[in-house]
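**Q** File name my_file_5.txt; file contents compact mmCIF, C-alpha atoms; full text below.
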```txt
# COMPACT_ATOMS: atom_id res chain seq x y z
CA MET L 14 -26.30 -46.03 -36.20
CA ILE L 15 -26.01 -44.85 -32.67
CA ARG L 16 -24.70 -47.52 -30.39
CA SER L 17 -26.23 -47.67 -26.96
CA HIS L 18 -23.88 -47.99 -23.98
CA LYS L 19 -24.51 -49.63 -20.66
CA PRO L 20 -23.79 -47.23 -17.77
CA GLU L 21 -20.55 -48.96 -16.78
CA ARG L 22 -19.33 -48.90 -20.39
CA LEU L 23 -20.17 -45.20 -20.52
CA ALA L 24 -17.94 -44.57 -17.49
CA LEU L 25 -15.14 -46.69 -18.99
CA LEU L 26 -15.44 -44.83 -22.27
CA LEU L 27 -15.17 -41.51 -20.44
CA VAL L 28 -11.97 -42.72 -18.81
CA GLN L 29 -10.49 -44.03 -22.06
CA ARG L 30 -11.29 -40.90 -24.07
CA GLY L 31 -10.13 -38.70 -21.23
CA ALA L 32 -6.86 -40.53 -20.62
CA ALA L 33 -5.00 -39.16 -23.62
CA LEU L 34 -6.27 -35.66 -22.95
CA VAL L 35 -5.40 -35.91 -19.26
CA LEU L 36 -1.85 -37.06 -20.06
CA PHE L 37 -1.37 -34.26 -22.59
CA ALA L 38 -2.79 -31.60 -20.28
CA THR L 39 -0.79 -32.83 -17.30
CA LEU L 40 2.41 -32.52 -19.32
CA LEU L 41 1.40 -29.03 -20.39
CA LEU L 42 0.67 -28.00 -16.85
CA SER L 43 3.72 -29.55 -15.25
CA GLY L 44 6.07 -27.12 -13.53
CA CYS L 45 3.24 -24.98 -12.19
CA ALA L 46 4.61 -24.68 -8.67
CA SER L 47 2.62 -22.58 -6.22
CA PRO L 48 3.59 -18.90 -5.98
CA PRO L 49 5.74 -17.87 -2.98
CA ILE L 50 2.84 -17.07 -0.65
CA ALA L 51 5.03 -15.83 2.20
CA GLY L 52 6.52 -13.21 -0.13
CA TYR L 53 3.05 -11.88 -1.01
CA ASP L 54 2.07 -11.85 2.66
CA ALA L 55 5.21 -9.83 3.40
CA LEU L 56 4.53 -7.39 0.55
CA ALA L 57 0.99 -6.76 1.81
CA LYS L 58 2.21 -6.33 5.40
CA ALA L 59 4.95 -3.93 4.30
CA SER L 60 2.40 -1.81 2.40
CA GLN L 61 0.17 -1.70 5.47
CA ASP L 62 3.11 -0.65 7.63
CA ILE L 63 4.07 2.08 5.16
CA GLN L 64 0.48 3.32 5.24
CA SER L 65 0.25 3.30 9.04
CA GLY L 66 3.71 4.88 9.40
CA SER L 67 2.68 7.65 7.02
CA SER L 68 -0.62 8.20 8.84
CA THR L 69 1.16 8.58 12.17
CA ALA L 70 3.62 11.09 10.77
CA TYR L 71 0.85 13.04 8.99
CA THR L 72 -1.29 13.16 12.12
CA ASN L 73 1.65 14.60 14.02
CA VAL L 74 2.24 17.21 11.33
CA GLU L 75 -1.40 18.26 11.69
CA GLN L 76 -1.08 18.49 15.46
CA ARG L 77 2.05 20.64 15.12
CA LEU L 78 0.18 22.84 12.69
CA ARG L 79 -2.16 23.79 15.50
CA ASP L 80 0.84 24.56 17.73
CA PHE L 81 2.23 26.69 14.92
CA ALA L 82 -1.03 28.68 14.77
CA ILE L 83 -0.78 29.31 18.51
CA VAL L 84 2.87 30.34 18.37
CA THR L 85 2.35 32.73 15.46
CA ALA L 86 -1.00 34.16 16.61
CA PRO L 87 -0.95 37.91 15.82
CA ASN L 88 -0.86 40.54 18.53
CA ALA L 89 -4.61 41.13 18.24
CA PRO L 90 -7.78 40.24 20.17
CA LEU L 91 -8.72 36.55 20.02
CA SER L 92 -11.46 35.51 17.60
CA PRO L 93 -13.09 32.10 17.05
CA ASP L 94 -10.77 31.42 14.10
CA THR L 95 -7.53 32.77 15.58
CA PHE L 96 -6.06 29.28 15.89
CA THR L 97 -7.76 27.66 12.91
CA LYS L 98 -7.14 30.27 10.21
CA LEU L 99 -4.14 28.76 8.46
CA SER L 100 -3.61 31.28 5.70
CA VAL L 101 -1.38 34.18 4.89
CA GLY L 102 -3.68 36.76 3.34
CA LYS L 103 -5.90 34.70 1.08
CA ILE L 104 -3.28 32.00 0.50
CA SER L 105 -3.78 28.83 2.55
CA PHE L 106 -0.80 27.04 4.01
CA ASP L 107 -2.89 24.28 5.58
CA ILE L 108 -1.58 20.99 4.15
CA SER L 109 -4.19 18.80 5.86
CA PRO L 110 -6.07 18.20 2.54
CA GLU L 111 -2.80 17.21 0.83
CA LEU L 112 -1.97 14.80 3.68
CA THR L 113 -5.47 13.29 3.58
CA PHE L 114 -5.16 12.84 -0.19
CA ARG L 115 -1.88 10.95 0.27
CA GLU L 116 -3.36 8.74 2.97
CA GLN L 117 -6.15 7.80 0.57
CA GLN L 118 -3.63 6.97 -2.15
CA MET L 119 -1.75 4.69 0.24
CA GLY L 120 -5.06 2.89 0.72
CA VAL L 121 -5.02 2.04 -3.00
CA LEU L 122 -1.52 0.58 -2.63
CA VAL L 123 -2.67 -1.53 0.31
CA ALA L 124 -5.77 -2.67 -1.61
CA TYR L 125 -3.57 -3.79 -4.51
CA THR L 126 -1.01 -5.71 -2.45
CA THR L 127 -3.80 -7.29 -0.37
CA ALA L 128 -5.58 -8.42 -3.55
CA LEU L 129 -2.26 -9.89 -4.79
CA GLN L 130 -1.83 -11.67 -1.45
CA LYS L 131 -5.34 -13.15 -1.67
CA LEU L 132 -4.89 -14.30 -5.24
CA ALA L 133 -1.52 -15.89 -4.46
CA GLY L 134 -2.74 -17.62 -1.32
CA LYS L 135 -6.40 -18.40 -1.94
CA ASP L 136 -7.34 -22.02 -1.39
CA TYR L 137 -9.08 -22.86 -4.67
CA ASN L 138 -8.44 -26.54 -3.89
CA LYS L 139 -11.23 -26.60 -1.32
CA ASP L 140 -13.85 -25.77 -3.96
CA LEU L 141 -12.20 -28.13 -6.42
CA ASP L 142 -12.17 -30.99 -3.92
CA SER L 143 -15.86 -30.56 -3.33
CA SER L 144 -16.62 -30.40 -7.08
CA THR L 145 -14.55 -33.47 -7.95
CA LYS L 146 -16.09 -35.47 -5.10
CA SER L 147 -19.53 -34.68 -6.53
CA LEU L 148 -18.28 -35.71 -9.97
CA ALA L 149 -16.92 -39.00 -8.61
CA GLY L 150 -20.22 -39.58 -6.84
CA ALA L 151 -22.14 -39.02 -10.05
CA LEU L 152 -19.87 -41.35 -12.03
CA ALA L 153 -19.98 -44.03 -9.34
CA ALA L 154 -23.77 -43.95 -9.48
CA ILE L 155 -23.61 -44.63 -13.22
CA ALA L 156 -21.06 -47.43 -12.93
CA PRO L 157 -20.96 -48.97 -9.45
CA GLN L 158 -19.06 -51.99 -10.80
CA ALA L 159 -16.23 -49.79 -12.09
CA LYS L 160 -15.67 -47.92 -8.82
CA ALA L 161 -11.87 -48.33 -8.86
CA ILE L 162 -11.61 -46.85 -12.35
CA VAL L 163 -14.02 -44.04 -11.49
CA ASP L 164 -11.96 -43.18 -8.41
CA ILE L 165 -8.78 -42.98 -10.48
CA PHE L 166 -10.56 -40.85 -13.04
CA ALA L 167 -11.88 -38.47 -10.35
CA THR L 168 -8.41 -38.18 -8.82
CA VAL L 169 -6.88 -37.32 -12.18
CA VAL L 170 -9.57 -34.72 -12.84
CA ASP L 171 -8.96 -33.30 -9.37
CA GLU L 172 -5.20 -33.02 -9.95
CA LEU L 173 -5.73 -31.62 -13.40
CA ALA L 174 -8.19 -29.00 -12.16
CA LYS L 175 -5.82 -27.98 -9.37
CA ALA L 176 -2.94 -27.65 -11.83
CA ALA L 177 -5.16 -25.63 -14.16
CA ALA L 178 -6.22 -23.36 -11.28
CA ASN L 179 -2.60 -22.91 -10.28
CA ARG L 180 -1.56 -22.13 -13.84
CA GLU L 181 -4.39 -19.62 -14.20
CA ARG L 182 -3.34 -18.06 -10.89
CA LYS L 183 0.28 -17.76 -11.97
CA ASP L 184 -0.64 -16.34 -15.35
CA ALA L 185 -2.90 -13.79 -13.68
CA LEU L 186 -0.19 -12.85 -11.18
CA LYS L 187 2.36 -12.42 -13.97
CA LYS L 188 0.05 -10.25 -16.06
CA VAL L 189 -1.11 -8.06 -13.21
CA MET L 190 2.35 -7.60 -11.69
CA ASP L 191 3.87 -6.66 -15.05
CA ARG L 192 1.10 -4.16 -15.47
CA ALA L 193 1.50 -2.69 -11.97
CA GLN L 194 5.32 -2.54 -11.83
CA PRO L 195 5.64 0.95 -13.43
CA ALA L 196 2.96 2.28 -11.07
CA MET L 197 4.81 0.82 -8.06
CA GLU L 198 8.00 2.57 -9.18
CA GLN L 199 6.20 5.86 -9.82
CA LEU L 200 4.47 5.63 -6.46
CA ALA L 201 7.73 5.00 -4.56
CA THR L 202 9.27 8.08 -6.17
CA LEU L 203 6.18 10.15 -5.37
CA ILE L 204 6.06 9.06 -1.71
CA ALA L 205 9.73 9.94 -1.26
CA SER L 206 9.31 13.27 -3.02
CA SER L 207 6.18 14.18 -1.02
CA ASN L 208 7.76 13.19 2.28
CA GLU L 209 10.78 15.36 1.57
CA LYS L 210 8.46 18.33 1.11
CA ILE L 211 6.38 17.49 4.16
CA ALA L 212 9.59 17.19 6.21
CA ALA L 213 10.67 20.63 4.93
CA TYR L 214 7.26 21.96 5.97
CA ALA L 215 7.71 20.49 9.48
CA GLU L 216 11.19 22.02 9.64
CA ILE L 217 9.77 25.48 9.00
CA MET L 218 7.30 24.94 11.85
CA ARG L 219 10.15 23.75 14.10
CA ASP L 220 12.35 26.75 13.26
CA THR L 221 9.44 29.10 13.89
CA TYR L 222 8.80 27.45 17.25
CA VAL L 223 12.49 27.71 18.23
CA ARG L 224 12.61 31.38 17.19
CA HIS L 225 9.56 32.24 19.28
CA ALA L 226 10.71 30.09 22.19
CA ASN L 227 13.99 32.01 22.28
CA ALA L 228 12.05 35.25 22.51
CA TRP L 229 10.02 34.07 25.54
CA ARG L 230 12.59 31.94 27.30
CA PRO L 231 12.73 32.77 31.04
CA SER L 232 15.95 33.91 32.67
CA TYR L 233 18.80 31.51 33.24
CA GLY L 234 18.94 29.88 36.69
CA THR L 235 15.19 30.05 37.39
CA LEU L 236 12.72 27.21 37.90
CA ALA L 237 10.59 28.71 35.14
CA ARG L 238 13.54 28.32 32.73
CA TYR L 239 13.96 24.66 33.69
CA GLU L 240 10.27 23.92 33.19
CA PHE L 241 10.17 25.88 29.94
CA ASP L 242 13.20 24.05 28.55
CA GLN L 243 11.65 20.67 29.37
CA LYS L 244 8.61 21.55 27.25
CA ALA L 245 10.81 22.99 24.52
CA ALA L 246 12.93 19.81 24.42
CA ASP L 247 9.78 17.67 24.02
CA ALA L 248 8.46 19.90 21.26
CA ILE L 249 11.77 19.90 19.35
CA ASP L 250 12.03 16.10 19.73
CA GLY L 251 8.54 15.80 18.25
CA TYR L 252 9.59 17.69 15.12
CA SER L 253 12.74 15.57 14.75
CA LEU L 254 10.69 12.37 15.07
CA ILE L 255 8.34 13.51 12.29
CA SER L 256 11.30 14.12 10.03
CA ASN L 257 12.90 10.76 10.89
CA GLN L 258 9.61 8.93 10.46
CA LEU L 259 9.03 10.44 7.03
CA THR L 260 12.55 9.49 5.96
CA ALA L 261 12.04 5.91 7.21
CA VAL L 262 8.72 5.63 5.32
CA SER L 263 10.40 6.93 2.16
CA ASN L 264 13.27 4.45 2.50
CA ALA L 265 10.85 1.54 2.93
CA ALA L 266 8.65 2.76 0.04
CA LYS L 267 11.68 3.12 -2.26
CA LYS L 268 12.49 -0.58 -1.76
CA LEU L 269 8.93 -1.77 -2.40
CA PRO L 270 9.18 -1.84 -6.24
CA ALA L 271 12.27 -4.10 -6.08
CA ALA L 272 10.41 -6.50 -3.76
CA HIS L 273 7.44 -6.49 -6.15
CA ALA L 274 9.74 -7.15 -9.14
CA GLU L 275 11.49 -9.95 -7.25
CA LEU L 276 8.19 -11.69 -6.49
CA ARG L 277 7.20 -11.39 -10.13
CA LYS L 278 10.53 -12.89 -11.18
CA SER L 279 10.07 -15.82 -8.83
CA LEU L 280 6.92 -16.83 -10.74
CA ASP L 281 9.19 -17.75 -13.67
CA ALA L 282 12.22 -18.70 -11.60
CA PRO L 283 11.08 -20.12 -8.23
CA GLU L 284 14.67 -20.30 -7.00
CA THR L 285 14.88 -16.45 -7.05
CA PRO L 286 16.06 -15.39 -3.56
CA GLN L 287 13.67 -13.11 -1.68
CA GLU L 288 16.18 -10.47 -0.67
CA ALA L 289 14.41 -7.22 -1.58
CA ILE L 290 11.46 -7.86 0.74
CA LYS L 291 13.94 -8.39 3.59
CA ASP L 292 15.40 -4.96 2.77
CA VAL L 293 11.90 -3.44 2.99
CA PHE L 294 11.39 -4.99 6.42
CA ALA L 295 14.78 -3.80 7.63
CA GLU L 296 13.62 -0.24 6.83
CA ILE L 297 10.24 -0.90 8.45
CA GLN L 298 11.94 -2.01 11.68
CA GLY L 299 13.55 1.42 11.84
CA MET L 300 10.22 3.06 11.07
CA ARG L 301 8.54 1.21 13.96
CA GLY L 302 11.11 2.66 16.34
CA PHE L 303 10.17 6.21 15.30
CA TYR L 304 6.51 5.22 15.32
CA LYS L 305 6.74 4.31 19.01
CA GLY L 306 8.50 7.59 19.70
CA LEU L 307 5.78 9.58 17.94
CA GLU L 308 2.98 7.75 19.74
CA SER L 309 4.48 8.64 23.10
CA LYS L 310 4.55 12.36 22.23
CA MET D 25 10.78 29.51 -10.56
CA ASP D 26 8.57 26.60 -9.44
CA SER D 27 6.93 26.38 -6.02
CA HIS D 28 9.76 24.19 -4.71
CA ASP D 29 12.38 26.84 -5.53
CA LEU D 30 10.05 29.49 -4.13
CA ALA D 31 9.75 27.59 -0.83
CA GLU D 32 13.53 27.28 -0.56
CA ALA D 33 14.13 30.95 -1.43
CA THR D 34 11.51 32.09 1.08
CA THR D 35 12.97 29.89 3.81
CA GLY D 36 16.43 31.30 3.04
CA LEU D 37 15.13 34.85 3.31
CA ALA D 38 13.43 34.03 6.65
CA SER D 39 16.77 32.77 7.95
CA ARG D 40 18.52 36.02 6.95
CA VAL D 41 15.79 38.08 8.56
CA ASN D 42 16.41 36.03 11.70
CA ASN D 43 20.06 37.11 11.70
CA LEU D 44 18.87 40.68 11.52
CA ALA D 45 16.27 40.16 14.26
CA VAL D 46 18.92 38.90 16.68
CA LEU D 47 20.61 42.32 16.48
CA ALA D 48 17.37 44.33 16.71
CA THR D 49 15.53 45.41 19.85
CA GLY D 50 12.09 46.78 20.81
CA ASP D 51 9.58 47.51 18.04
CA ASP D 52 12.07 46.61 15.31
CA SER D 53 12.55 43.19 16.84
CA ARG D 54 8.77 42.63 17.03
CA THR D 55 8.27 43.76 13.42
CA LEU D 56 11.05 41.48 12.21
CA MET D 57 9.55 38.58 14.17
CA GLU D 58 6.16 39.14 12.48
CA GLN D 59 7.84 39.35 9.07
CA GLN D 60 9.63 36.09 9.73
CA ASP D 61 6.32 34.46 10.63
CA GLU D 62 4.80 35.72 7.41
CA LEU D 63 7.76 34.43 5.40
CA ALA D 64 7.45 31.04 7.13
CA GLU D 65 3.75 30.92 6.24
CA LEU D 66 4.49 31.85 2.63
CA ALA D 67 7.13 29.11 2.41
CA MET D 68 4.60 26.63 3.82
CA ALA D 69 2.01 27.82 1.30
CA ALA D 70 4.56 27.26 -1.50
CA ILE D 71 5.19 23.69 -0.25
CA LYS D 72 1.42 23.10 -0.18
CA GLN D 73 1.22 24.19 -3.83
CA ASP D 74 4.19 21.97 -4.66
CA LEU D 75 2.38 18.99 -3.09
CA ASP D 76 -0.77 19.87 -5.05
CA ALA D 77 1.23 19.81 -8.26
CA GLU D 78 2.12 16.16 -7.60
CA SER D 79 -1.52 15.11 -7.30
CA ALA D 80 -1.97 14.39 -11.01
CA SER D 81 1.00 11.98 -10.98
CA TYR D 82 -0.42 10.24 -7.90
CA LYS D 83 -3.76 9.83 -9.64
CA SER D 84 -2.08 8.30 -12.68
CA ALA D 85 -0.12 5.76 -10.57
CA MET D 86 -3.19 4.94 -8.49
CA SER D 87 -5.37 4.50 -11.53
CA ALA D 88 -2.92 1.82 -12.76
CA LEU D 89 -3.01 0.08 -9.37
CA ASN D 90 -6.82 0.27 -9.26
CA ASP D 91 -6.94 -1.36 -12.71
CA ALA D 92 -4.55 -4.06 -11.49
CA THR D 93 -6.75 -4.73 -8.44
CA GLN D 94 -9.79 -5.01 -10.70
CA PHE D 95 -7.90 -7.45 -12.93
CA ILE D 96 -7.14 -9.62 -9.89
CA GLY D 97 -10.85 -9.74 -9.06
CA ASP D 98 -11.62 -10.89 -12.61
CA ALA D 99 -8.85 -13.52 -12.48
CA ASP D 100 -10.22 -14.85 -9.21
CA LYS D 101 -13.63 -15.35 -10.81
CA LYS D 102 -12.01 -17.07 -13.80
CA ILE D 103 -10.13 -19.53 -11.59
CA SER D 104 -13.23 -20.20 -9.54
CA ASN D 105 -14.95 -21.08 -12.81
CA ILE D 106 -12.81 -24.24 -13.09
CA SER D 107 -14.66 -25.57 -10.08
CA LYS D 108 -17.94 -24.41 -11.59
CA GLY D 109 -17.02 -26.21 -14.82
CA ILE D 110 -16.60 -29.47 -12.93
CA SER D 111 -19.93 -28.91 -11.22
CA LEU D 112 -21.57 -28.35 -14.59
CA VAL D 113 -20.12 -31.65 -15.85
CA THR D 114 -21.50 -33.32 -12.71
CA ASN D 115 -24.90 -31.80 -13.43
CA ALA D 116 -24.70 -33.04 -17.02
CA ILE D 117 -23.84 -36.55 -15.83
CA ASN D 118 -26.75 -36.49 -13.40
CA ALA D 119 -29.02 -35.35 -16.20
CA VAL D 120 -27.77 -38.15 -18.48
CA LYS D 121 -28.20 -40.58 -15.58
CA LYS D 122 -31.86 -39.69 -15.36
CA VAL D 123 -32.30 -40.19 -19.10
CA VAL D 124 -30.55 -43.58 -19.17
CA GLY D 125 -32.28 -44.51 -15.94
CA ALA D 126 -29.11 -45.40 -14.07
```
Output the file's structure as structure tokens, nothing else.

**A**
Amino acid sequence: MIRSHKPERLALLLVQRGAALVLFATLLLSGCASPPIAGYDALAKASQDIQSGSSTAYTNVEQRLRDFAIVTAPNAPLSPDTFTKLSVGKISFDISPELTFREQQMGVLVAYTTALQKLAGKDYNKDLDSSTKSLAGALAAIAPQAKAIVDIFATVVDELAKAAANRERKDALKKVMDRAQPAMEQLATLIASSNEKIAAYAEIMRDTYVRHANAWRPSYGTLARYEFDQKAADAIDGYSLISNQLTAVSNAAKKLPAAHAELRKSLDAPETPQEAIKDVFAEIQGMRGFYKGLESK
Amino acid sequence: MDSHDLAEATTGLASRVNNLAVLATGDDSRTLMEQQDELAELAMAAIKQDLDAESASYKSAMSALNDATQFIGDADKKISNISKGISLVTNAINAVKKVVGA
């Protein structure tokens, strides 16, 4: 026989039946501290800085490529493509597509670290607060006489839901960061390897410029020589800055996987010190110095 | 010899030609200068090919990061579902309320 319940008894029954479950679940979910949000913010910011530092250096390489075309223009009548034809015979030496490709790949890194940052820092509690208030309202309407009990029940549900959301968030962060760690390491190695090659490329352009500049350099003791040398000094500085910038980006990128691993570790051991991300930012500070130098060129 | 070695060897040869060019004059000097330019361009072309060879590795790393980003999106929806679950319970209560006439 089905017993009928008065509304207030229904609310009390809900509380009684839920109490044991709530206690059990709360115990299960205890220890779910929030992830270190500042660390994720820093990781995302560092990735953005690495991307912007790379873009600046790549843009400067492309600009120097045009200078290179001018310096090495053959002793022949000008044509519309004299300064845009970047090939030796049929072999292209234009690395603009390779630089663009790398910029796009950096965008994927930024998208990943930004998604991590959002997941770690998103305020799920706002939605939960609103849902549990509605629930409390619904229960209170059923059992106005048991308001105190309903309020306690709603509070417990609210806390439980927040703990569950936090646990889900931490589990998701753990899974995704474990999955991404090898890619972060591979990417850091690739960025450093690519930048070394791009720096070597810029060095060839610099050496070519210096060789040609020596051939045209005006006589010693003339105003023309002074003016020429000023331009030459600026141009040579520009090449050095590209090289330094690429090295700084590589150094920062190489430290990114350790920062990522450290954040992952802190999900299991919240007391883990956040040292690696500080190392990344120390490298980025150096990169910003070169960045300013490149922008003024 | 891979393209990296080729780039280094070509750059080395350009440097030696430069030593020769310093001693040359007139047409010889101009010819050597043009040859150096060509060697520089070939070294740059070799570096370009070397960078191209890395592209597959980049794509593999990026594919893993893209998957990770997708996973985060799915996790976000899952966590948001907790709130939806509570709302569904509220809806159920409201429905029961109507039935029992509370």

**Q** Give me, as a Markdown table, the closest atom pair and its distance (Å, one decimal) for every residue of segment 84-114 of chain D within a cut-off of 9 Å of segment 168-174 of chain L, counting only C-alpha atoms, rows sorted by chain and rising number.

**A**
```
| residue | atom | partner | partner_atom | distance |
| --- | --- | --- | --- | --- |
| D:Ile106 | CA | L:Ala174 | CA | 6.7 |
| D:Ser107 | CA | L:Ala174 | CA | 7.6 |
| D:Ile110 | CA | L:Ala174 | CA | 8.5 |
```

**Q** Mind listing as a ChimeraX atom specification which residues of chain D are within 7 Å of chain L, counting only C-alpha atoms?

**A** /D:61-62,64-66,68-69,71-72,75-76,82,85-86,88-90,92-93,95-96,99-100,103-104,106-107,110-111,114,117-118,121,126

**Q** Have a look at atom CA of Ala67 of chain D and atom CA of Gly36 of chain D and let me know their distance in Å, one decimal.

**A**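 Between atom CA of Ala67 of chain D and atom CA of Gly36 of chain D the gap works out to 9.6 Å.
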
**Q** How many Å lie between atom CA of Ala116 of chain D and atom CA of Asp98 of chain D, rounded to one decimal?

**A**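 According to the coordinates, atom CA of Ala116 of chain D and atom CA of Asp98 of chain D are separated by 26.1 Å.
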
**Q** Find the axis-aligned box for segment 57-67 of chain D, covering all its listed atoms and adding 5 Å on each side, and write its centre and edge lengths in Å to one decimal as AutoDock Vina command-line options.

**A**
```
--center_x 6.7 --center_y 34.2 --center_z 8.3 --size_x 15.9 --size_y 20.2 --size_z 21.8
```

**Q** Please, what distance in Å, to one decimal, runs between atom CA of Arg77 of chain L and atom CA of Phe241 of chain L?

**A**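 So the two atoms, atom CA of Arg77 of chain L and atom CA of Phe241 of chain L, lie 17.7 Å apart.
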
**Q** Show me, as number ranges by chain, the residues that have an atom within 8 Å of Ala205 of chain L when counting only C-alpha atoms, minus same-chain residues fewer than 5 positions from it.

**A** L: 260, 262-264, 266-267
